[in-house]
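Structure data follow from query.cif (mmCIF, C-alpha atoms):
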```cif
data_structure
#
loop_
_atom_site.label_atom_id
_atom_site.label_comp_id
_atom_site.auth_asym_id
_atom_site.auth_seq_id
_atom_site.Cartn_x
_atom_site.Cartn_y
_atom_site.Cartn_z
CA MET U 209 -29.30 -4.19 12.68
CA SER U 210 -26.05 -4.33 14.66
CA GLU U 211 -22.59 -4.28 13.12
CA LEU U 212 -22.15 -7.94 14.06
CA GLU U 213 -25.37 -8.84 12.31
CA ASN U 214 -24.12 -7.02 9.21
CA THR U 215 -20.85 -8.95 9.23
CA ARG U 216 -20.14 -12.12 7.32
CA GLY U 217 -17.90 -14.87 8.62
CA ASN U 218 -17.13 -16.37 12.01
CA LEU U 219 -18.15 -13.96 14.78
CA LYS U 220 -16.17 -15.47 17.66
CA ASP U 221 -14.58 -13.03 20.10
CA GLY U 222 -11.40 -11.53 18.73
CA TYR U 223 -12.08 -12.55 15.13
CA VAL U 224 -11.77 -9.81 12.51
CA PRO U 225 -14.45 -10.43 9.84
CA PHE U 226 -13.21 -10.71 6.26
CA GLU U 227 -16.14 -8.75 4.82
CA LYS U 228 -18.48 -6.21 6.40
CA GLU U 229 -21.59 -4.61 4.95
CA LEU U 230 -21.64 -0.85 5.53
CA SER U 231 -24.93 0.08 3.90
CA SER U 232 -27.51 -1.17 1.45
CA LYS U 233 -29.99 0.47 -0.93
CA MET U 234 -32.83 -1.19 -2.82
CA LEU U 235 -34.31 0.24 -6.03
CA GLN U 236 -37.50 -1.01 -7.65
CA ILE U 237 -37.36 -0.23 -11.37
CA GLN U 238 -40.30 -1.66 -13.29
CA THR U 239 -40.34 -5.42 -12.52
CA LYS U 240 -36.72 -5.55 -11.34
CA ARG U 241 -35.12 -4.97 -7.97
CA PHE U 242 -31.58 -3.63 -7.69
CA TYR U 243 -29.51 -3.85 -4.50
CA LEU U 244 -26.52 -1.54 -4.05
CA ASP U 245 -24.51 -2.90 -1.12
CA VAL U 246 -21.47 -0.99 0.14
CA LYS U 247 -19.04 -3.49 1.63
CA GLU U 248 -15.56 -3.41 3.13
CA ASN U 249 -12.87 -6.05 3.39
CA LYS U 250 -9.11 -5.97 3.96
CA ARG U 251 -8.61 -4.45 0.48
CA GLY U 252 -10.95 -1.53 1.11
CA LYS U 253 -14.50 -0.43 0.30
CA PHE U 254 -16.45 -1.45 -2.80
CA ILE U 255 -20.02 -1.72 -4.09
CA LYS U 256 -21.81 -4.91 -5.02
CA VAL U 257 -24.68 -4.24 -7.42
CA ALA U 258 -27.17 -7.08 -7.74
CA GLU U 259 -30.13 -7.31 -10.12
CA ILE U 260 -33.08 -9.54 -9.14
CA ALA U 261 -35.45 -10.20 -12.02
CA ALA U 262 -39.14 -10.94 -11.65
CA ASP U 263 -38.45 -14.67 -12.17
CA GLY U 264 -35.86 -14.67 -9.35
CA ARG U 265 -32.84 -14.68 -11.68
CA ARG U 266 -29.88 -12.89 -10.07
CA ASP U 267 -26.95 -11.09 -11.70
CA GLN U 268 -24.31 -8.94 -10.05
CA ILE U 269 -21.25 -6.81 -10.71
CA PHE U 270 -18.67 -5.18 -8.43
CA LEU U 271 -17.55 -1.55 -8.53
CA ALA U 272 -14.64 0.22 -6.89
CA LEU U 273 -15.69 3.58 -5.43
CA SER U 274 -13.80 5.45 -8.16
CA THR U 275 -15.54 3.33 -10.81
CA ALA U 276 -18.90 4.05 -9.18
CA ALA U 277 -18.22 7.79 -9.51
CA GLU U 278 -17.29 7.35 -13.18
CA PHE U 279 -20.39 5.19 -13.76
CA ARG U 280 -22.56 7.88 -12.14
CA ASP U 281 -21.24 10.47 -14.60
CA HIS U 282 -21.83 8.14 -17.56
CA LEU U 283 -25.41 7.57 -16.36
CA THR U 284 -26.01 11.32 -16.61
CA THR U 285 -24.71 11.32 -20.19
CA PHE U 286 -26.73 8.26 -21.18
CA SER U 287 -29.87 9.67 -19.58
CA ASN U 288 -29.50 12.97 -21.46
CA TYR U 289 -29.02 11.05 -24.72
CA TYR U 290 -32.05 8.87 -23.98
CA SER U 291 -34.17 11.97 -23.35
CA SER U 292 -33.22 13.31 -26.78
CA LEU U 293 -34.51 10.20 -28.57
CA GLY U 294 -37.94 9.95 -30.08
CA PRO U 295 -40.59 7.56 -28.75
CA HIS U 296 -39.74 3.88 -28.89
CA ASN U 297 -41.37 1.98 -31.76
CA PRO U 298 -41.83 -1.72 -30.92
CA GLU U 299 -42.45 -2.46 -34.62
CA SER U 300 -39.08 -1.10 -35.79
CA SER U 301 -36.13 -3.41 -36.43
CA PRO U 302 -33.12 -2.35 -34.31
CA SER U 303 -29.82 -2.10 -36.20
CA ASP U 304 -26.31 -2.96 -34.97
CA ASP U 305 -27.59 -5.37 -32.32
CA GLY U 306 -29.90 -2.66 -31.05
CA LYS U 307 -27.05 -0.47 -29.76
CA LEU U 308 -27.79 3.23 -29.53
CA LYS U 309 -24.78 4.47 -27.53
CA SER U 310 -21.75 2.76 -25.92
CA GLU U 311 -18.93 3.53 -23.49
CA ILE U 312 -16.15 1.53 -21.78
CA MET U 313 -14.76 1.91 -18.26
CA ILE U 314 -11.45 0.29 -17.23
CA LYS U 315 -10.33 -0.31 -13.66
CA ASP U 316 -7.21 -2.46 -13.08
CA ASN U 317 -8.00 -5.88 -14.59
CA ARG U 318 -11.74 -5.18 -14.93
CA ARG U 319 -13.54 -3.78 -17.96
CA TYR U 320 -17.07 -2.44 -17.95
CA TYR U 321 -19.05 -2.16 -21.18
CA LEU U 322 -22.00 0.25 -21.12
CA ASP U 323 -24.45 -0.18 -24.00
CA LEU U 324 -27.72 1.68 -24.34
CA LYS U 325 -29.82 -0.71 -26.43
CA GLU U 326 -33.35 -1.27 -27.63
CA ASN U 327 -35.45 -4.27 -28.59
CA ASN U 328 -39.15 -4.86 -29.14
CA ARG U 329 -39.75 -4.55 -25.37
CA GLY U 330 -38.13 -1.17 -24.92
CA ARG U 331 -34.83 0.58 -24.21
CA PHE U 332 -32.34 -0.37 -21.52
CA LEU U 333 -28.74 0.08 -20.41
CA ARG U 334 -26.75 -3.14 -20.46
CA VAL U 335 -23.76 -3.05 -18.06
CA SER U 336 -21.27 -5.87 -18.61
CA GLN U 337 -18.22 -6.58 -16.45
CA THR U 338 -15.28 -8.77 -17.45
CA VAL U 339 -12.26 -9.73 -15.36
CA ASN U 340 -9.06 -10.14 -17.40
CA ARG U 341 -9.14 -10.44 -21.17
CA GLY U 342 -11.48 -13.18 -22.33
CA GLY U 343 -12.62 -13.85 -18.78
CA PHE U 344 -16.12 -14.50 -17.45
CA ARG U 345 -18.63 -11.73 -18.18
CA SER U 346 -21.43 -10.76 -15.80
CA HIS U 347 -24.03 -8.16 -16.65
CA LEU U 348 -27.01 -6.10 -15.56
CA ALA U 349 -29.84 -4.62 -17.60
CA ILE U 350 -31.19 -1.31 -16.25
CA PRO U 351 -34.45 -0.07 -17.83
CA ALA U 352 -33.75 3.26 -19.49
CA GLN U 353 -36.49 4.97 -17.49
CA GLY U 354 -34.62 4.08 -14.29
CA MET U 355 -31.16 5.43 -15.18
CA ILE U 356 -31.70 8.71 -13.29
CA GLU U 357 -32.91 6.90 -10.17
CA PHE U 358 -29.91 4.57 -10.39
CA ARG U 359 -27.57 7.53 -10.85
CA ASN U 360 -29.00 9.30 -7.82
CA ALA U 361 -28.50 6.21 -5.66
CA LEU U 362 -24.85 5.93 -6.75
CA SER U 363 -24.38 9.64 -6.17
CA ASP U 364 -25.62 9.28 -2.58
CA ILE U 365 -23.11 6.47 -1.98
CA VAL U 366 -20.21 8.41 -3.49
CA ASP U 367 -21.14 11.50 -1.46
CA GLU U 368 -21.13 9.45 1.75
CA TYR U 369 -18.08 7.22 1.18
CA GLY U 370 -16.01 9.22 -1.31
CA CYS U 371 -14.45 7.97 -4.52
CA GLU U 372 -10.84 7.34 -3.49
CA ASP U 373 -9.71 3.73 -3.71
CA GLY U 374 -6.50 4.40 -1.76
CA GLY U 375 -3.04 3.26 -2.75
CA PHE U 376 -0.39 5.10 -4.75
CA GLN U 377 -1.80 7.95 -6.84
CA GLY U 378 1.31 9.04 -8.77
CA GLU U 379 2.76 7.88 -12.08
CA LEU U 380 4.22 4.37 -12.01
CA PRO U 381 7.62 3.53 -13.58
CA GLU U 382 7.67 2.70 -17.26
CA SER U 383 8.02 -0.90 -18.42
CA GLN U 384 11.46 -2.23 -19.28
CA HIS U 385 12.69 -5.09 -21.44
CA VAL U 386 15.91 -7.07 -21.71
CA ARG U 387 16.95 -9.86 -24.09
CA VAL U 388 19.41 -12.52 -22.90
CA GLU U 389 20.52 -15.62 -24.83
CA GLY U 390 17.43 -15.83 -27.01
CA LYS U 391 15.02 -15.06 -24.15
CA SER U 392 13.05 -11.87 -23.63
CA PHE U 393 12.28 -10.60 -20.14
CA HIS U 394 9.64 -7.91 -19.61
CA PHE U 395 9.35 -5.89 -16.39
CA ASP U 396 5.96 -4.23 -15.94
CA VAL U 397 4.79 -2.27 -12.89
CA GLY U 398 1.08 -2.16 -12.18
CA GLN U 399 -1.42 -1.45 -9.43
CA ASN U 400 -4.64 -3.12 -8.32
CA SER U 401 -6.80 -3.20 -5.20
CA ARG U 402 -4.03 -5.07 -3.36
CA GLY U 403 -1.37 -2.47 -4.09
CA ILE U 404 1.59 -2.00 -6.44
CA TYR U 405 3.29 -4.99 -8.00
CA MET U 406 5.91 -5.93 -10.59
CA LYS U 407 5.16 -8.54 -13.22
CA ILE U 408 8.26 -10.23 -14.70
CA SER U 409 7.51 -12.18 -17.88
CA GLU U 410 9.86 -14.58 -19.66
CA VAL U 411 8.97 -14.88 -23.33
CA GLN U 412 10.31 -17.44 -25.77
CA PRO U 413 9.00 -18.31 -29.25
CA THR U 414 6.92 -21.23 -27.93
CA PHE U 415 6.78 -20.51 -24.22
CA ARG U 416 5.67 -17.76 -21.87
CA THR U 417 5.61 -17.58 -18.08
CA ALA U 418 5.42 -14.81 -15.49
CA ILE U 419 5.72 -14.08 -11.80
CA THR U 420 4.17 -11.22 -9.82
CA ILE U 421 6.13 -9.56 -6.98
CA PRO U 422 4.35 -7.25 -4.50
CA GLU U 423 6.03 -3.85 -4.10
CA ARG U 424 6.70 -4.46 -0.40
CA SER U 425 8.99 -7.38 -1.39
CA TRP U 426 11.06 -5.56 -4.00
CA THR U 427 13.84 -4.53 -1.64
CA ARG U 428 14.15 -8.11 -0.36
CA PHE U 429 14.39 -9.44 -3.91
CA ARG U 430 16.95 -6.73 -4.69
CA ASP U 431 19.03 -7.65 -1.63
CA ILE U 432 19.00 -11.34 -2.60
CA LEU U 433 20.02 -10.53 -6.19
CA GLU U 434 22.79 -8.21 -4.98
CA ASP U 435 24.00 -10.94 -2.60
CA PHE U 436 24.13 -13.46 -5.45
CA CYS U 437 25.88 -10.92 -7.71
CA ASP U 438 28.49 -10.16 -5.02
CA LYS U 439 29.08 -13.86 -4.34
CA MET U 440 29.38 -14.70 -8.04
CA GLU U 441 31.75 -11.75 -8.51
CA GLY U 442 33.90 -13.07 -5.64
CA LEU U 443 33.80 -16.64 -6.97
CA GLU U 444 34.71 -15.48 -10.47
CA ALA U 445 37.58 -13.39 -9.05
CA GLU U 446 38.86 -16.43 -7.11
CA ALA U 447 38.55 -18.61 -10.21
CA ALA U 448 40.40 -16.02 -12.30
CA ALA U 449 43.17 -15.80 -9.65
CA GLU U 450 43.48 -19.60 -9.58
CA ARG U 451 43.68 -19.70 -13.37
CA GLU U 452 46.34 -16.99 -13.34
CA ALA U 453 48.33 -18.76 -10.62
CA LYS U 454 48.09 -22.04 -12.48
CA ALA U 455 49.16 -20.41 -15.71
CA GLU U 456 52.12 -18.77 -13.90
CA SER U 457 53.02 -22.13 -12.34
CA ASN U 458 52.87 -23.82 -15.73
CA THR U 459 55.07 -21.08 -17.18
CA GLN U 460 57.64 -21.54 -14.40
CA GLU U 461 57.61 -25.30 -14.88
CA THR U 462 58.07 -24.88 -18.61
CA LYS U 463 60.97 -22.50 -18.03
CA ALA U 464 62.53 -24.95 -15.55
CA VAL U 465 62.23 -27.83 -18.01
CA ASP U 466 63.66 -25.72 -20.81
CA SER U 467 66.50 -24.60 -18.55
CA THR U 468 67.31 -28.19 -17.54
CA ALA U 469 67.24 -29.31 -21.15
CA THR U 470 69.53 -26.45 -22.14
CA GLU U 471 71.98 -27.27 -19.36
CA ALA U 472 72.02 -30.97 -20.30
CA GLU U 473 72.61 -30.13 -23.91
CA GLN U 474 75.44 -27.75 -22.97
CA ALA U 475 77.07 -30.40 -20.75
CA LYS U 476 76.91 -32.93 -23.55
CA THR U 477 78.52 -30.48 -25.95
CA ASN U 478 81.34 -29.82 -23.46
CA GLU U 479 81.98 -33.55 -23.09
CA GLU U 480 82.27 -34.02 -26.83
CA GLN U 481 84.82 -31.26 -27.04
#
```

Spit out the file's structure as structure tokens when you get a sec.
Amino acid sequence: MSELENTRGNLKDGYVPFEKELSSKMLQIQTKRFYLDVKENKRGKFIKVAEIAADGRRDQIFLALSTAAEFRDHLTTFSNYYSSLGPHNPESSPSDDGKLKSEIMIKDNRRYYLDLKENNRGRFLRVSQTVNRGGFRSHLAIPAQGMIEFRNALSDIVDEYGCEDGGFQGELPESQHVRVEGKSFHFDVGQNSRGIYMKISEVQPTFRTAITIPERSWTRFRDILEDFCDKMEGLEAEAAAEREAKAESNTQETKAVDSTATEAEQAKTNEEQ
């Protein structure tokens, strides 16, 4: 298959496709098929993992390359734990929702919940993905017997494409907070697949709002704020000078009036004498 045939979107001459498929693997584990598709768009490379059940039902999750490497390592741990368990007893009543072992992976605004579970049909690894807190959850269910095969497929992908997501790798600045006239402003720096950003939140007792500023725009925002600060400083200086001049003028006028009144009173006294 040619690169153009692997590319989604309009394929007119000169058009840069918004998403390109780099490779694809298919795993048959019991009655399920799993597709691991390595894709690339303007944000970088990622893996789409799709589960196709025997009845045609489809579920999918998305993994950054670094998350795929972490998931691969967890699969090794889960597989070792599974191997240490005794035979599955379909007649037993699973406790704690059937959970045997759990882990959590966090990547930017995504959370992945890994739960090795059992029910009367057997043991399986449930992989759930949520985007943002309380957001939509998608999930896969990998039969426990297929965890090693799944791990090996991920390992091949990581070996070929690496596990670096790109972007800034150092420590980001700490959050800051300022309170002004009953309002709280929070400045938080974060990073996602699009790059580094600053989230500025205004918090009041009954109201909360926020804006997100990409790191490449910070200097422009700073320049605009500095320009406003300089202009306001100049306007305030002019206003202060005008107030001072007016106060001086009022003082001179008051002195002139007092002087005139004094002179008139002195003239009147001279006339009486």

Using the chain letters and numbers from this file, what does the PyMOL selection byres ((chain U and resi 366) around 9) select? Give the answer as a PyMOL selection string. chain U and resi 273-274+276-277+280+361-365+367-371

Work out how far atom CA of U:Met355 is from atom CA of U:Ser291, in Å to one decimal.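 Between atom CA of U:Ser291 and atom CA of U:Met355 the gap is 10.9 Å.
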
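Here atom CA of U:Ile421 and atom CA of U:Met406 stand 5.1 Å from one another.
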
I'd like to know which of U:Glu479, U:Glu357, U:Asp396, U:Glu372 is closest to U:Ala418, using only C-alpha atoms.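 Distance minimum relative to U:Ala418 lands on U:Asp396.
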
List as a PDB file with C-alpha atoms, in the coordinates of the input the residues having at least one atom at most 10 Å from position (4.2, -12.3, -7.7) as given in the file, counting all atoms listed in the file.
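Full text of selection.pdb as output:
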```pdb
ATOM      1  CA  TYR U 405       3.290  -4.990  -8.000  1.00  0.00           C
ATOM      2  CA  MET U 406       5.910  -5.930 -10.590  1.00  0.00           C
ATOM      3  CA  LYS U 407       5.160  -8.540 -13.220  1.00  0.00           C
ATOM      4  CA  ILE U 408       8.260 -10.230 -14.700  1.00  0.00           C
ATOM      5  CA  ALA U 418       5.420 -14.810 -15.490  1.00  0.00           C
ATOM      6  CA  ILE U 419       5.720 -14.080 -11.800  1.00  0.00           C
ATOM      7  CA  THR U 420       4.170 -11.220  -9.820  1.00  0.00           C
ATOM      8  CA  ILE U 421       6.130  -9.560  -6.980  1.00  0.00           C
ATOM      9  CA  PRO U 422       4.350  -7.250  -4.500  1.00  0.00           C
ATOM     10  CA  GLU U 423       6.030  -3.850  -4.100  1.00  0.00           C
ATOM     11  CA  SER U 425       8.990  -7.380  -1.390  1.00  0.00           C
TER      12      SER U 425
END
```

Apply the PyMOL selection byres ((chain U and resi 320) around 8) to the file shown and report the selected residues as a PyMOL selection string. chain U and resi 312-314+318-319+321-322+335-338

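Counting all atoms listed in the file and comparing U:Val397, U:Leu333, U:Val246, U:Leu348, the residue that lies closest to U:Ile269 is U:Leu348.
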
Closest of U:Ser467, U:Leu230, U:Asp438, U:Thr284 to U:Asn360 - atom-to-atom distances counting only C-alpha atoms: U:Thr284

Stretch 383-392 of chain U surroundings by all atoms listed in the file, 9 Å radius, close-in-sequence under 4 positions cut, as a PyMOL selection string: chain U and resi 396-397+409-413

What is the atom CA of U:Lys325-atom CA of U:Ala352 distance in Å, reported with one decimal?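 Interatomic distance here is 8.9 Å.
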
Find the spatial neighbours of U:Lys247, counting all atoms listed in the file, within a cut-off of 6 Å - ignore same-chain residues fewer than 6 positions away - and output them as a PDB file with C-alpha atoms, in the frame of the given file.
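Once everything was written out, this is part-v5.pdb:
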```
ATOM      1  CA  LYS U 228     -18.480  -6.210   6.400  1.00  0.00           C
ATOM      2  CA  GLU U 229     -21.590  -4.610   4.950  1.00  0.00           C
ATOM      3  CA  LEU U 230     -21.640  -0.850   5.530  1.00  0.00           C
ATOM      4  CA  LYS U 253     -14.500  -0.430   0.300  1.00  0.00           C
ATOM      5  CA  PHE U 254     -16.450  -1.450  -2.800  1.00  0.00           C
TER       6      PHE U 254
END
```

Counting only C-alpha atoms, I want the residues whose atoms come within 7 Å of (-33.9, -3.6, -11.6) in the file frame, returned as a ChimeraX atom specification. /U:235-242,259-261,350

Env of U:Lys233: 8 Å cut, atoms = all atoms listed in the file, seq-sep filter 3 positions within chain, self excluded. Answer as a list in words. Tyr243, Leu244, Asp245 and Ala361 of chain U

Selection to disk with C-alpha atoms, as a PDB file, in the frame of the given file:
```pdb
ATOM      1  CA  TYR U 243     -29.510  -3.850  -4.500  1.00  0.00           C
ATOM      2  CA  LEU U 244     -26.520  -1.540  -4.050  1.00  0.00           C
ATOM      3  CA  ASP U 245     -24.510  -2.900  -1.120  1.00  0.00           C
ATOM      4  CA  ALA U 361     -28.500   6.210  -5.660  1.00  0.00           C
TER       5      ALA U 361
END
```
